[in-house]
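This report concerns only the one structure given below.
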Amino acid sequence: MRPDLRTQQRDFLLEITRAITAQLDLGEVLRRVLHASVVMLAGRIGIIALRDEHENRFDLRAYTGINEALVPELNEKLQELMNPEDEGGFSREYLNAKLREMAETIDSRLAQSVAMPLVFARRPLGLLIVFRSYHTEITPEDVSTLQSFADQAAIAVHNAQLYGRLNQEHQRLEAILSNSGDGVFILNPDLTFRQANLAFERMAGWRKDEIINKPKAEVIRWQRLDNLDLESTLATGWARPESDNGRFESLYVEGDLRRRDGVTVSLGITYAPLRAEDGRLASIIANVRDITNFRKAQEMQSVFIATVHHELRTPIAIIKGYASTLRRDDAEWDDSVVREKLAIIEDEADRLTHLVEDLLTASKIQASQEVRLKVTETDLAALAARSVARLQGQSAHQFVLSFPPDFPVIQGDEERLRQVIDNLLTNAIKYSGADQTITIGGRYNVNNVTIFVRDEGHGIAQDELDKVFERFYRVDDRLTRHAKGTGLGLYLVKAIVEAHGGQTSVKSQLGKGSTFYFTIPRASPRQSESRA
Ligand code: ADP
């Protein structure tokens, strides 16, 4: 090669290398490669086509000396060079024929073409082709010049593909992170925030841009902790390479956190350390779960178990006490005293039956998620009258029955609906004064019947109204605490009424009393007799 050409080739290579290291975009690097190739080979036209592996096709990515209108046609022609029929690649004749066709498409005066594959680590990435308008020998120098440019182009393409993949991976991780329902954050080894997602922002009450670089302890302020926090665990040697035989254990921390706005939330955080290549701690990834509801449910359940325990023991103790008293050999009891004590025993036995019934129904609902009904003709007015007659004997309340005489008989599960009425009436008794009036009545229209139970008692605060139908829920006030109960009654009322295709509701005013309603369709409910 002539010395001036050698210098020019070197200058071109330098320029291309600079373009690659300056991370210019791939299009610009390819244009420079192409320009250098065309000049050095004294060509007239040059093209670079890259392989698209997903689509399995070639795409013209850079060209010089041709009209844009020719691009689609050239792209078509390029596809014929895509997949060689055998492993050894295309035959020289085939390749030459295709290059000639391509030259023909561009300009019939083009006399010669030189093509060079772009290859990186044995992976074919594309093609570099230079067309000349005259025919001359293609020297080994021509080939090595073009080869040097093609190699540079291959490096640039490989880099761009790597960068593209990295970018895609990064975006994928970002999307997973930001859409995760769990809170996620990443800490630097000095325990400052490197990253946090939206769910964590909500849980902690901080915005992401406020958290980044802040010390963890400023954002996560525990009010109460169930076990050692991250800082103390790190101090014991956790996540130090020498203390874990190369395997980092994750760490679970649970407790109540005071959010920035003052609200307390229960969180469970799992910390997983990530190490750098040299084994040192590089970052800590944390997965955060809001367990406030879970905790509340757990608390409600344990209160419930304690209550049931108490509720079962009390009537048993009373029954046992009165029965032993009556059995005493050394005492003679008047008939009236015996009757009085037997009545108490009977009442307490009723209470037990009622409680066991509620517990059984609740566990059945929980197990099958539905209430199975035994549907028959049911007269709710008669059911209400029977319940009132029974309860009247046990309490000093005034009872009023308020049903129109033509109140219709409906299709329903009589036993379950008796349970509903009983639960509403016993609540009215429990949560109102002994001298107050309790009214149970009904209305109807063509489609539905509605039963209401009204008392003049303590009432329920507005913000508690939605919750009283929840399982185990009891209003936490003085009155409820003293009244016996498990928090199951209204949950069962709602479940049974809904199984009949109906609805429950309540209106209440503190100090004035409450009215509970349930409405059910007159026609046969969804669940039929056959499912009972
Ligand atoms: P409990 O066994 O506690 O009575 P329920 O599910 O029947 O359970 O009722 C849930 C809570 O709703 C009760 O603990 C009580 O606080 C409130 N409640 C229910 N009925 C009435 C009522 N008639 N008047 C006032 N509060 C009521």
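Residue numbers start at 1 in each chain; chains themselves are named A, B, ... in the order of the structure tokens; ligands are numbered from 1 in the order shown.
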(request) Show me which residues sit within 9 Å of ligand 1 when counting only C-alpha atoms and all ligand atoms, and put them as a PyMOL selection string. (result) chain A and resi 423-432+453-461+464-465+467-477+479-481+483-493+508+510+513-516
(message) Among segment 353-399 of chain A, which ones does DSSP assign to strand (DSSP E) (computed from the backbone)? Answer as a PyMOL selection string.
(response) chain A and resi 376-378+398-399
(request) Looking only at alpha helix (DSSP H) from DSSP on the backbone, list the matching residues of segment 147-250 of chain A as a PyMOL selection string. (result) chain A and resi 147-179+198-204+208-211+216-219+230-235
(message) Residues near segment 433-450 of chain A, anyone? I mean within 6 Å using only C-alpha atoms, not counting same-chain ones fewer than 3 positions away, as a ChimeraX atom specification.
(response) /A:396-403,453-455,518-522
Include N, CA and C atoms and write out the residues we just selected as a compact mmCIF listing (two decimals), in the first residue's frame.
# COMPACT_ATOMS: atom_id res chain seq x y z
N ALA A 396 -86.06 -7.86 81.06
CA ALA A 396 -87.09 -6.92 81.52
C ALA A 396 -87.49 -5.93 80.44
N HIS A 397 -86.93 -6.06 79.21
CA HIS A 397 -87.24 -5.11 78.15
C HIS A 397 -88.70 -5.21 77.73
N GLN A 398 -89.19 -4.09 77.17
CA GLN A 398 -90.52 -4.10 76.55
C GLN A 398 -90.34 -4.54 75.11
N PHE A 399 -91.13 -5.51 74.68
CA PHE A 399 -91.01 -5.94 73.28
C PHE A 399 -92.26 -5.54 72.51
N VAL A 400 -92.05 -5.04 71.30
CA VAL A 400 -93.19 -4.70 70.45
C VAL A 400 -93.02 -5.43 69.12
N LEU A 401 -94.11 -6.10 68.69
CA LEU A 401 -94.08 -6.76 67.38
C LEU A 401 -94.84 -5.89 66.40
N SER A 402 -94.25 -5.58 65.25
CA SER A 402 -94.92 -4.66 64.35
C SER A 402 -94.92 -5.19 62.91
N PHE A 403 -95.75 -6.22 62.70
CA PHE A 403 -95.86 -6.81 61.36
C PHE A 403 -97.27 -6.55 60.83
N VAL A 453 -85.05 -4.47 63.47
CA VAL A 453 -85.03 -4.64 64.92
C VAL A 453 -84.52 -3.31 65.49
N ARG A 454 -85.39 -2.64 66.26
CA ARG A 454 -85.02 -1.30 66.74
C ARG A 454 -84.88 -1.31 68.25
N ASP A 455 -83.82 -0.67 68.74
CA ASP A 455 -83.71 -0.51 70.20
C ASP A 455 -83.50 0.96 70.53
N PHE A 518 -82.75 -6.16 57.65
CA PHE A 518 -82.30 -7.07 56.59
C PHE A 518 -83.44 -7.27 55.61
N THR A 519 -83.04 -7.28 54.34
CA THR A 519 -84.02 -7.40 53.25
C THR A 519 -83.69 -8.66 52.49
N ILE A 520 -84.72 -9.51 52.24
CA ILE A 520 -84.44 -10.67 51.39
C ILE A 520 -85.54 -10.84 50.34
N PRO A 521 -85.17 -11.38 49.19
CA PRO A 521 -86.17 -11.55 48.14
C PRO A 521 -87.24 -12.56 48.56
N ARG A 522 -88.45 -12.33 48.09
CA ARG A 522 -89.55 -13.26 48.46
C ARG A 522 -89.41 -14.58 47.71
(request) Figure out the distance between atom CA of Leu380 of chain A and atom CA of Ala343 of chain A, please, to one decimal in Å. (result)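 Between atom CA of Ala343 of chain A and atom CA of Leu380 of chain A the gap is 27.3 Å.
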(message) What's around Ile155 of chain A at 9 Å? Count only C-alpha atoms, leave out sequence neighbours fewer than 6 positions away in its own chain, and write the answer as a list in words.
(response)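 The neighbour list is Ile20, Leu118, Val119 and Phe120 of chain A.
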(message) For segment 258-262 of chain A, find every residue with an atom within 9 Å (counting only C-alpha atoms), except residues of its own chain fewer than 4 positions away, and show them as a list in words.
(response)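 Neighbouring residues, sequence-local ones excluded: Met203, Ala204, Gly205, Trp206, Val219, Ile220, Arg221, Trp222, Gln223, Arg224 and Ser266 of chain A.
With distances restricted to only C-alpha atoms, A:Asp151 is the closest residue to Met116 of chain A from A:Asp151, A:Val253, A:Glu137, A:Glu104.
Residue nearest Arg32 of chain A within the list A:Arg202, A:Arg295, A:Arg18, A:Arg51: A:Arg18 [criterion: smallest interatomic distance, only C-alpha atoms].
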